$ cat coords_16.pdb   # PDB, C-alpha atoms
ATOM      1  CA  MET A   1     192.254  17.909 282.731
ATOM      2  CA  THR A   2     193.230  18.822 279.175
ATOM      3  CA  THR A   3     190.705  19.151 276.393
ATOM      4  CA  GLU A   4     191.609  18.057 272.893
ATOM      5  CA  PRO A   5     191.342  20.983 270.451
ATOM      6  CA  LYS A   6     188.510  20.696 267.992
ATOM      7  CA  PRO A   7     189.535  20.219 264.355
ATOM      8  CA  LEU A   8     188.153  23.560 263.192
ATOM      9  CA  SER A   9     189.111  25.680 266.194
ATOM     10  CA  GLY A  10     190.220  29.109 264.983
ATOM     11  CA  ARG A  11     188.665  28.683 261.528
ATOM     12  CA  ILE A  12     186.407  31.449 260.251
ATOM     13  CA  THR A  13     183.543  30.204 258.122
ATOM     14  CA  LEU A  14     180.577  31.663 256.285
ATOM     15  CA  VAL A  15     177.469  29.661 255.495
ATOM     16  CA  ALA A  16     175.427  31.688 253.030
ATOM     17  CA  GLY A  17     171.856  30.485 253.230
ATOM     18  CA  ALA A  18     171.797  28.960 256.711
ATOM     19  CA  THR A  19     168.212  29.579 257.775
ATOM     20  CA  ARG A  20     167.095  25.952 257.526
ATOM     21  CA  GLY A  21     167.738  22.600 255.871
ATOM     22  CA  ALA A  22     171.221  21.705 254.684
ATOM     23  CA  GLY A  23     172.610  25.190 255.333
ATOM     24  CA  ARG A  24     171.560  25.186 258.973
ATOM     25  CA  ALA A  25     172.930  21.697 259.548
ATOM     26  CA  ILE A  26     176.236  22.548 257.867
ATOM     27  CA  ALA A  27     176.584  25.621 260.069
ATOM     28  CA  VAL A  28     175.865  23.623 263.224
ATOM     29  CA  GLN A  29     178.311  20.860 262.357
ATOM     30  CA  LEU A  30     181.038  23.379 261.546
ATOM     31  CA  GLY A  31     180.341  24.850 264.965
ATOM     32  CA  ALA A  32     180.483  21.430 266.586
ATOM     33  CA  ALA A  33     183.975  21.099 265.109
ATOM     34  CA  GLY A  34     184.956  24.370 266.778
ATOM     35  CA  ALA A  35     184.571  26.914 263.976
ATOM     36  CA  THR A  36     183.348  30.464 264.118
ATOM     37  CA  VAL A  37     180.366  30.506 261.767
ATOM     38  CA  TYR A  38     178.784  33.565 260.213
ATOM     39  CA  VAL A  39     175.285  32.516 259.160
ATOM     40  CA  THR A  40     173.178  34.453 256.686
ATOM     41  CA  GLY A  41     169.665  34.392 255.342
ATOM     42  CA  ARG A  42     166.612  36.561 254.849
ATOM     43  CA  THR A  43     164.324  35.190 257.558
ATOM     44  CA  THR A  44     164.863  36.735 260.967
ATOM     45  CA  ARG A  45     162.744  36.899 264.100
ATOM     46  CA  ASP A  46     161.389  40.205 262.806
ATOM     47  CA  ARG A  47     160.947  39.466 259.119
ATOM     48  CA  ALA A  48     160.190  36.492 256.869
ATOM     49  CA  SER A  49     161.508  35.944 253.361
ATOM     50  CA  GLU A  50     159.367  35.165 250.332
ATOM     51  CA  VAL A  51     159.573  31.474 251.289
ATOM     52  CA  GLY A  52     156.974  32.342 253.901
ATOM     53  CA  ARG A  53     158.279  30.217 256.764
ATOM     54  CA  THR A  54     158.633  31.901 260.138
ATOM     55  CA  THR A  55     159.527  28.811 262.168
ATOM     56  CA  GLU A  56     163.240  28.915 261.262
ATOM     57  CA  THR A  57     165.415  32.019 261.578
ATOM     58  CA  ILE A  58     169.083  32.832 261.214
ATOM     59  CA  GLU A  59     169.226  33.925 264.851
ATOM     60  CA  GLU A  60     168.123  30.451 265.876
ATOM     61  CA  THR A  61     170.749  28.919 263.607
ATOM     62  CA  ALA A  62     173.465  31.044 265.221
ATOM     63  CA  GLU A  63     172.294  29.939 268.668
ATOM     64  CA  LEU A  64     172.431  26.296 267.602
ATOM     65  CA  VAL A  65     175.985  26.792 266.318
ATOM     66  CA  THR A  66     177.070  28.240 269.653
ATOM     67  CA  ALA A  67     175.285  25.504 271.601
ATOM     68  CA  ALA A  68     177.124  22.909 269.504
ATOM     69  CA  GLY A  69     180.483  24.296 270.615
ATOM     70  CA  GLY A  70     181.342  26.940 268.050
ATOM     71  CA  GLU A  71     180.562  30.626 267.771
ATOM     72  CA  GLY A  72     177.513  31.496 265.739
ATOM     73  CA  ILE A  73     177.023  34.998 264.342
ATOM     74  CA  ALA A  74     173.798  35.847 262.505
ATOM     75  CA  VAL A  75     173.971  38.491 259.793
ATOM     76  CA  PRO A  76     170.722  39.138 257.886
ATOM     77  CA  THR A  77     171.730  39.236 254.226
ATOM     78  CA  ASP A  78     169.994  39.187 250.881
ATOM     79  CA  HIS A  79     172.645  37.643 248.634
ATOM     80  CA  LEU A  80     171.049  39.210 245.557
ATOM     81  CA  ASP A  81     172.111  42.615 246.878
ATOM     82  CA  PRO A  82     175.820  43.164 246.143
ATOM     83  CA  ASP A  83     176.010  46.017 248.647
ATOM     84  CA  ARG A  84     174.661  43.831 251.453
ATOM     85  CA  VAL A  85     177.079  41.039 250.572
ATOM     86  CA  ARG A  86     179.952  43.512 250.423
ATOM     87  CA  ALA A  87     179.023  44.808 253.873
ATOM     88  CA  LEU A  88     178.937  41.236 255.181
ATOM     89  CA  ILE A  89     182.421  40.431 253.894
ATOM     90  CA  GLU A  90     183.795  43.741 255.128
ATOM     91  CA  ARG A  91     182.416  42.909 258.573
ATOM     92  CA  ILE A  92     184.093  39.493 258.581
ATOM     93  CA  ASP A  93     187.360  41.105 257.496
ATOM     94  CA  ARG A  94     187.063  43.806 260.150
ATOM     95  CA  GLU A  95     186.201  41.391 262.954
ATOM     96  CA  ARG A  96     188.341  38.377 262.009
ATOM     97  CA  GLY A  97     190.742  39.364 259.255
ATOM     98  CA  ARG A  98     190.306  36.118 257.355
ATOM     99  CA  LEU A  99     187.841  33.668 255.828
ATOM    100  CA  ASP A 100     188.729  29.980 255.713
ATOM    101  CA  VAL A 101     185.542  28.323 254.468
ATOM    102  CA  LEU A 102     182.749  29.658 252.264
ATOM    103  CA  VAL A 103     179.610  27.539 251.887
ATOM    104  CA  ASN A 104     177.301  28.715 249.109
ATOM    105  CA  ASP A 105     173.949  27.183 250.061
ATOM    106  CA  VAL A 106     171.571  30.003 249.097
ATOM    107  CA  TRP A 107     168.383  28.702 247.470
ATOM    108  CA  GLY A 108     164.826  29.167 248.738
ATOM    109  CA  GLY A 109     163.114  28.434 245.428
ATOM    110  CA  GLU A 110     160.966  25.421 246.296
ATOM    111  CA  HIS A 111     157.801  27.506 246.397
ATOM    112  CA  LEU A 112     158.379  28.404 242.734
ATOM    113  CA  LEU A 113     158.941  24.865 241.527
ATOM    114  CA  ALA A 114     156.389  22.976 239.419
ATOM    115  CA  PHE A 115     156.767  19.907 237.250
ATOM    116  CA  GLY A 116     154.780  18.613 234.305
ATOM    117  CA  LYS A 117     154.994  21.780 232.210
ATOM    118  CA  LYS A 118     157.083  22.556 229.163
ATOM    119  CA  THR A 119     159.402  25.529 229.400
ATOM    120  CA  TRP A 120     157.097  27.729 227.321
ATOM    121  CA  GLU A 121     154.136  26.790 229.526
ATOM    122  CA  TYR A 122     155.899  27.672 232.768
ATOM    123  CA  GLU A 123     155.557  31.057 234.432
ATOM    124  CA  LEU A 124     158.622  32.920 233.174
ATOM    125  CA  ALA A 125     158.912  35.151 236.234
ATOM    126  CA  ASP A 126     159.043  32.089 238.507
ATOM    127  CA  GLY A 127     161.705  30.438 236.373
ATOM    128  CA  LEU A 128     163.901  33.511 236.268
ATOM    129  CA  ARG A 129     163.495  33.967 240.013
ATOM    130  CA  MET A 130     164.793  30.426 240.554
ATOM    131  CA  LEU A 131     167.871  31.308 238.519
ATOM    132  CA  GLU A 132     168.375  34.440 240.589
ATOM    133  CA  LEU A 133     168.067  32.544 243.862
ATOM    134  CA  GLY A 134     170.128  29.508 242.888
ATOM    135  CA  VAL A 135     172.766  30.947 240.556
ATOM    136  CA  LYS A 136     173.062  34.732 240.785
ATOM    137  CA  THR A 137     173.310  34.648 244.595
ATOM    138  CA  HIS A 138     176.191  32.181 244.443
ATOM    139  CA  ALA A 139     178.025  34.238 241.835
ATOM    140  CA  ILE A 140     177.662  37.484 243.801
ATOM    141  CA  THR A 141     178.808  35.836 247.019
ATOM    142  CA  SER A 142     181.863  34.169 245.497
ATOM    143  CA  HIS A 143     182.873  37.302 243.607
ATOM    144  CA  THR A 144     182.744  39.320 246.818
ATOM    145  CA  ALA A 145     184.110  36.809 249.349
ATOM    146  CA  LEU A 146     186.959  35.155 247.489
ATOM    147  CA  PRO A 147     189.479  38.026 247.776
ATOM    148  CA  LEU A 148     189.283  37.551 251.546
ATOM    149  CA  LEU A 149     189.355  33.752 251.329
ATOM    150  CA  ILE A 150     192.527  33.641 249.200
ATOM    151  CA  ARG A 151     194.375  35.921 251.612
ATOM    152  CA  HIS A 152     195.533  32.779 253.417
ATOM    153  CA  PRO A 153     196.342  29.452 251.687
ATOM    154  CA  GLY A 154     194.057  26.499 252.246
ATOM    155  CA  GLY A 155     190.677  28.147 251.751
ATOM    156  CA  LEU A 156     187.684  25.964 250.931
ATOM    157  CA  VAL A 157     184.601  26.802 248.867
ATOM    158  CA  VAL A 158     181.631  24.435 249.046
ATOM    159  CA  GLU A 159     178.875  24.823 246.488
ATOM    160  CA  VAL A 160     175.712  23.042 247.646
ATOM    161  CA  THR A 161     173.250  21.702 245.097
ATOM    162  CA  ASP A 162     170.724  18.946 244.452
ATOM    163  CA  GLY A 163     172.238  16.079 242.502
ATOM    164  CA  THR A 164     175.681  14.823 241.628
ATOM    165  CA  ALA A 165     177.454  15.374 238.333
ATOM    166  CA  ALA A 166     176.930  11.680 237.541
ATOM    167  CA  TYR A 167     173.186  12.018 238.035
ATOM    168  CA  ASN A 168     172.432  15.528 236.785
ATOM    169  CA  GLY A 169     174.788  15.258 233.843
ATOM    170  CA  THR A 170     172.677  12.644 232.072
ATOM    171  CA  ARG A 171     169.191  13.227 233.472
ATOM    172  CA  TYR A 172     166.726  16.059 233.041
ATOM    173  CA  ARG A 173     165.474  17.450 236.345
ATOM    174  CA  GLU A 174     161.970  17.880 234.866
ATOM    175  CA  ASN A 175     161.932  21.674 234.919
ATOM    176  CA  LEU A 176     164.370  23.641 232.771
ATOM    177  CA  PHE A 177     164.888  26.459 235.258
ATOM    178  CA  TYR A 178     165.396  24.063 238.162
ATOM    179  CA  ASP A 179     167.714  21.958 236.011
ATOM    180  CA  LEU A 180     169.834  25.018 235.248
ATOM    181  CA  ALA A 181     169.798  26.207 238.864
ATOM    182  CA  LYS A 182     171.004  22.861 240.189
ATOM    183  CA  ASN A 183     173.580  22.173 237.493
ATOM    184  CA  ALA A 184     175.188  25.611 237.750
ATOM    185  CA  PRO A 185     176.802  24.965 241.180
ATOM    186  CA  LEU A 186     178.497  21.868 239.768
ATOM    187  CA  ARG A 187     180.128  23.970 237.077
ATOM    188  CA  MET A 188     180.876  26.769 239.535
ATOM    189  CA  ALA A 189     182.824  24.382 241.757
ATOM    190  CA  PHE A 190     184.788  23.159 238.756
ATOM    191  CA  GLY A 191     185.617  26.668 237.563
ATOM    192  CA  LEU A 192     186.440  28.033 241.009
ATOM    193  CA  GLY A 193     188.627  25.014 241.636
ATOM    194  CA  GLU A 194     190.672  25.939 238.584
ATOM    195  CA  GLU A 195     191.017  29.537 239.773
ATOM    196  CA  LEU A 196     191.805  28.721 243.416
ATOM    197  CA  LYS A 197     194.555  26.170 242.793
ATOM    198  CA  GLU A 198     197.328  28.727 242.526
ATOM    199  CA  TYR A 199     196.305  30.150 245.910
ATOM    200  CA  GLY A 200     196.294  26.766 247.648
ATOM    201  CA  GLY A 201     192.499  26.768 247.717
ATOM    202  CA  THR A 202     189.920  24.091 246.989
ATOM    203  CA  ALA A 203     186.395  24.233 245.596
ATOM    204  CA  VAL A 204     183.931  21.335 245.576
ATOM    205  CA  CYS A 205     180.242  20.807 244.959
ATOM    206  CA  VAL A 206     178.370  18.784 247.582
ATOM    207  CA  SER A 207     174.871  17.368 247.291
ATOM    208  CA  PRO A 208     172.826  15.839 250.064
ATOM    209  CA  GLY A 209     170.722  12.850 249.126
ATOM    210  CA  TRP A 210     166.990  12.680 249.695
ATOM    211  CA  LEU A 211     166.988  15.320 252.393
ATOM    212  CA  ARG A 212     164.570  15.308 255.299
ATOM    213  CA  SER A 213     164.515  19.081 255.486
ATOM    214  CA  GLU A 214     161.866  20.914 257.482
ATOM    215  CA  GLN A 215     159.914  21.469 254.286
ATOM    216  CA  MET A 216     160.208  17.848 253.163
ATOM    217  CA  LEU A 217     159.030  16.547 256.522
ATOM    218  CA  GLY A 218     156.113  18.952 256.368
ATOM    219  CA  HIS A 219     155.256  17.756 252.872
ATOM    220  CA  PHE A 220     154.915  14.183 254.144
ATOM    221  CA  GLY A 221     153.199  15.217 257.369
ATOM    222  CA  VAL A 222     155.861  13.697 259.634
ATOM    223  CA  THR A 223     158.626  14.850 261.958
ATOM    224  CA  GLU A 224     162.228  13.767 262.343
ATOM    225  CA  ASP A 225     161.101  11.566 265.229
ATOM    226  CA  ASN A 226     158.503   9.610 263.226
ATOM    227  CA  TRP A 227     159.676  10.113 259.638
ATOM    228  CA  ARG A 228     159.590   6.370 258.949
ATOM    229  CA  ASP A 229     155.788   6.545 259.053
ATOM    230  CA  ALA A 230     155.989   8.082 255.570
ATOM    231  CA  THR A 231     157.578   4.911 254.190
ATOM    232  CA  ARG A 232     154.244   3.089 254.483
ATOM    233  CA  ASP A 233     153.033   4.998 251.435
ATOM    234  CA  LEU A 234     156.444   5.640 249.865
ATOM    235  CA  PRO A 235     158.927   2.874 250.746
ATOM    236  CA  ASP A 236     161.809   4.572 248.898
ATOM    237  CA  PHE A 237     161.707   7.388 251.476
ATOM    238  CA  GLY A 238     163.520   4.895 253.675
ATOM    239  CA  VAL A 239     166.799   5.870 251.989
ATOM    240  CA  SER A 240     166.387   9.529 252.960
ATOM    241  CA  GLU A 241     168.826  11.303 255.233
ATOM    242  CA  SER A 242     168.670  13.979 257.905
ATOM    243  CA  PRO A 243     170.384  17.336 257.319
ATOM    244  CA  VAL A 244     172.959  16.323 259.931
ATOM    245  CA  TYR A 245     174.481  13.964 257.368
ATOM    246  CA  VAL A 246     175.481  16.626 254.837
ATOM    247  CA  GLY A 247     176.504  18.870 257.731
ATOM    248  CA  ARG A 248     178.967  16.265 258.894
ATOM    249  CA  ALA A 249     180.129  15.806 255.305
ATOM    250  CA  VAL A 250     181.108  19.467 254.938
ATOM    251  CA  ALA A 251     182.699  19.581 258.395
ATOM    252  CA  ALA A 252     184.805  16.521 257.534
ATOM    253  CA  LEU A 253     185.926  18.143 254.277
ATOM    254  CA  ALA A 254     186.842  21.363 256.055
ATOM    255  CA  ALA A 255     188.920  19.467 258.618
ATOM    256  CA  ASP A 256     190.770  17.333 256.045
ATOM    257  CA  PRO A 257     194.294  18.680 255.443
ATOM    258  CA  ASP A 258     194.344  16.729 252.177
ATOM    259  CA  ARG A 259     191.038  18.079 250.849
ATOM    260  CA  ALA A 260     192.732  19.472 247.732
ATOM    261  CA  ARG A 261     192.458  15.988 246.239
ATOM    262  CA  TRP A 262     188.750  16.712 245.771
ATOM    263  CA  ASN A 263     189.309  20.029 243.982
ATOM    264  CA  GLY A 264     186.667  20.768 241.353
ATOM    265  CA  ARG A 265     184.839  17.528 242.076
ATOM    266  CA  SER A 266     181.199  16.648 242.604
ATOM    267  CA  LEU A 267     180.624  14.886 245.931
ATOM    268  CA  ASP A 268     177.664  13.747 247.971
ATOM    269  CA  SER A 269     177.044  13.027 251.618
ATOM    270  CA  GLY A 270     176.936   9.252 251.154
ATOM    271  CA  ARG A 271     180.278   9.116 249.389
ATOM    272  CA  LEU A 272     181.918  11.392 251.924
ATOM    273  CA  ALA A 273     180.516   9.273 254.772
ATOM    274  CA  ARG A 274     182.261   6.233 253.327
ATOM    275  CA  GLU A 275     185.455   8.232 252.886
ATOM    276  CA  TYR A 276     185.567   9.874 256.317
ATOM    277  CA  GLY A 277     183.707   7.317 258.418
ATOM    278  CA  PHE A 278     180.906   9.452 259.843
ATOM    279  CA  THR A 279     177.233   8.469 260.010
ATOM    280  CA  ASP A 280     173.859  10.142 259.945
ATOM    281  CA  ALA A 281     172.292  11.176 263.253
ATOM    282  CA  ASP A 282     170.744   7.718 263.703
ATOM    283  CA  GLY A 283     174.015   5.862 263.124
ATOM    284  CA  SER A 284     173.128   4.756 259.580
ATOM    285  CA  ARG A 285     175.066   5.535 256.414
ATOM    286  CA  PRO A 286     172.497   6.071 253.612
ATOM    287  CA  ASP A 287     173.531   6.288 249.978
ATOM    288  CA  SER A 288     170.561   8.024 248.379
ATOM    289  CA  TRP A 289     172.103   8.699 244.982
ATOM    290  CA  GLY A 290     173.464   5.176 244.725
ATOM    291  CA  PHE A 291     170.005   3.819 245.445
ATOM    292  CA  ILE A 292     168.212   6.159 243.036
ATOM    293  CA  MET A 293     170.534   5.321 240.157
ATOM    294  CA  ALA A 294     170.521   1.576 240.880
ATOM    295  CA  LYS A 295     166.729   1.445 240.966
ATOM    296  CA  GLU A 296     166.523   2.927 237.476
ATOM    297  CA  THR A 297     167.986  -0.293 236.091
ATOM    298  CA  ASP A 298     166.694  -2.718 238.729
ATOM    299  CA  PRO A 299     163.217  -1.944 240.114
ATOM    300  CA  ASP A 300     163.749  -4.572 242.811
ATOM    301  CA  THR A 301     166.626  -2.640 244.383
ATOM    302  CA  LYS A 302     166.155  -2.675 248.156
ATOM    303  CA  VAL A 303     166.439   0.360 250.379
ATOM    304  CA  GLU A 304     168.127  -1.763 253.023
ATOM    305  CA  ASP A 305     171.119  -2.362 250.727
ATOM    306  CA  TYR A 306     171.786   1.399 250.565
ATOM    307  CA  ARG A 307     171.277   2.416 254.187
TER     308      ARG A 307
END
$ encode --input "coords_16.pdb" --output "structure tokens"
Amino acid sequence: MTTEPKPLSGRITLVAGATRGAGRAIAVQLGAAGATVYVTGRTTRDRASEVGRTTETIEETAELVTAAGGEGIAVPTDHLDPDRVRALIERIDRERGRLDVLVNDVWGGEHLLAFGKKTWEYELADGLRMLELGVKTHAITSHTALPLLIRHPGGLVVEVTDGTAAYNGTRYRENLFYDLAKNAPLRMAFGLGEELKEYGGTAVCVSPGWLRSEQMLGHFGVTEDNWRDATRDLPDFGVSESPVYVGRAVAALAADPDRARWNGRSLDSGRLAREYGFTDADGSRPDSWGFIMAKETDPDTKVEDYR
């Protein structure tokens, strides 16, 4: 009996910031498509990051990647430390000799986020830390990894953020530091796309919709199995999506031989689902950003029309 090769067999990928949420799901779905996935983060089975969660670790993510059909390799890395990032990329080069996909998903700033305060009322140290976590980490990682990625044509860089260019470009995200942190990856994808073109590379920015991450589920006091219970108090939560959805979005992009058509663009999981035909884990195809923007002009917009 012959087995069909998986679309990403032989591809070497790095998901920076893969401890939980979108990063973990992206890593697992790349693995499910056959990729070798180096996964990084600061929370290990021996040590927790400042986020303070010990229930998700990069070792567990690597195991999930392998169980899905790929090869998961956990490398504890603080992406604010250029020496640690350099060591990571040197290891990938030494072990594999190439890098085909870089996913910049480092964040971990939710615990610093607060709304309802003016910039001058906000704790400056918290705001600057958000910029370090959401912008500086991405810049260090790209600066260090891209010489390896451009060694072979066809490399893909995925910047992960919260919000599309259409949404973030005309709306304030209610906290200046968060606004800057989540708009920067959009511009990074545009700029890197310009730089990578001559090497046959592609850069895009991808946003999940209303993500049912581990932290979001905890906030509402539900699990992935009973998440719909939260819609009794907040009906709009019905348009939310599991992390699997954005994971499948990135895997579909990575497997698309014509992905250069997206170069420099802002994309989201709902749009990519319509383009590539995949669904969320439950078989639905939510369009969170479409719903959110439609409801601004029509309060009677129904969740069901965007799921």
$ residues_around --input "coords_16.pdb" --residues "A:Glu275" --least-positions-apart "6" --cutoff "12 Å" --atoms "all atoms listed in the file" --output "mmCIF file with C-alpha atoms, in the frame of the given file"
data_model
loop_
_atom_site.group_PDB
_atom_site.id
_atom_site.type_symbol
_atom_site.label_atom_id
_atom_site.label_comp_id
_atom_site.auth_asym_id
_atom_site.auth_seq_id
_atom_site.Cartn_x
_atom_site.Cartn_y
_atom_site.Cartn_z
ATOM 1 C CA ARG A 248 178.967 16.265 258.894
ATOM 2 C CA ALA A 249 180.129 15.806 255.305
ATOM 3 C CA ALA A 252 184.805 16.521 257.534
ATOM 4 C CA LEU A 253 185.926 18.143 254.277
ATOM 5 C CA ASP A 256 190.770 17.333 256.045
ATOM 6 C CA ARG A 259 191.038 18.079 250.849
ATOM 7 C CA TRP A 262 188.750 16.712 245.771
ATOM 8 C CA LEU A 267 180.624 14.886 245.931
ATOM 9 C CA ASP A 268 177.664 13.747 247.971
ATOM 10 C CA SER A 269 177.044 13.027 251.618
ATOM 11 C CA ARG A 285 175.066 5.535 256.414
#
$ resolve_selection --input "coords_16.pdb" --expression "the PyMOL selection byres ((chain A and resi 179-187) around 6)" --output "list in words"
Leu131, Gly134, Val135, Glu159, Thr161, Asp162, Arg173, Asn175, Leu176, Phe177, Tyr178, Met188, Ala189, Phe190 and Cys205 of chain A
$ axis_aligned_box --input "coords_16.pdb" --around "stretch 236-251 of chain A" --padding-each-side "3 Å" --output "JSON"
{"center_x": 172.2, "center_y": 12.1, "center_z": 254.4, "size_x": 27.0, "size_y": 21.0, "size_z": 17.0}
$ closest_residue --input "coords_16.pdb" --among "A:Ala254, A:Val303, A:Val204, A:Glu56" --to "A:Pro235" --atoms "all atoms listed in the file"
A:Val303
$ atom_distance --input "coords_16.pdb" --atom1 "atom CA of A:Val39" --atom2 "atom CA of A:Leu102"
10.6 Å
$ atom_distance --input "coords_16.pdb" --atom1 "atom CA of A:Val101" --atom2 "atom CA of A:Val157"
5.9 Å
$ atom_distance --input "coords_16.pdb" --atom1 "atom CA of A:Leu14" --atom2 "atom CA of A:Thr144"
12.4 Å
$ closest_residue --input "coords_16.pdb" --among "A:Thr36, A:Thr231, A:Thr137, A:Ser142" --to "A:Glu95" --atoms "all atoms listed in the file"
A:Thr36
$ closest_residue --input "coords_16.pdb" --among "A:Pro299, A:Val244, A:Arg307, A:Ala35" --to "A:Gly10" --atoms "all atoms listed in the file"
A:Ala35
$ closest_atom_pairs --input "coords_16.pdb" --of "stretch 227-303 of chain A" --to "stretch 206-212 of chain A" --cutoff "7 Å" --atoms "only C-alpha atoms" --output "tab-separated table"
residue	atom	partner	partner_atom	distance
A:Ser240	CA	A:Trp210	CA	4.6
A:Glu241	CA	A:Leu211	CA	5.3
A:Ser242	CA	A:Arg212	CA	5.0
A:Pro243	CA	A:Leu211	CA	6.3
A:Val246	CA	A:Pro208	CA	5.5
A:Ser266	CA	A:Val206	CA	6.1
A:Leu267	CA	A:Val206	CA	4.8
A:Asp268	CA	A:Ser207	CA	4.6
A:Ser269	CA	A:Pro208	CA	5.3
A:Ser288	CA	A:Gly209	CA	4.9
A:Trp289	CA	A:Gly209	CA	6.0
$ residues_around --input "coords_16.pdb" --residues "stretch 115-124 of chain A" --least-positions-apart "2" --cutoff "8 Å" --atoms "only C-alpha atoms" --output "MDAnalysis selection string"
chainID A and resid 113 126:128 174:176
$ closest_residue --input "coords_16.pdb" --among "A:Thr77, A:Lys197, A:Val15, A:Ala203" --to "A:Arg42" --atoms "all atoms listed in the file"
A:Thr77
$ closest_residue --input "coords_16.pdb" --among "A:Ser49, A:Thr44, A:Thr55, A:Thr141" --to "A:Ala16" --atoms "all atoms listed in the file"
A:Thr141
$ residues_around --input "coords_16.pdb" --residues "stretch 291-293 of chain A" --least-positions-apart "5" --cutoff "8 Å" --atoms "only C-alpha atoms" --output "list of chain:residue names"
A:Tyr167, A:Val239, A:Thr301, A:Val303, A:Tyr306
$ resolve_selection --input "coords_16.pdb" --expression "the PyMOL selection byres ((chain A and resi 25) around 10)" --output "list in words"
Ala18, Thr19, Arg20, Gly21, Ala22, Gly23, Arg24, Ile26, Ala27, Val28, Gln29, Leu30, Gly31, Thr61, Leu64, Val65, Ser213, Ser242, Pro243, Val244, Tyr245, Val246, Gly247, Arg248 and Val250 of chain A
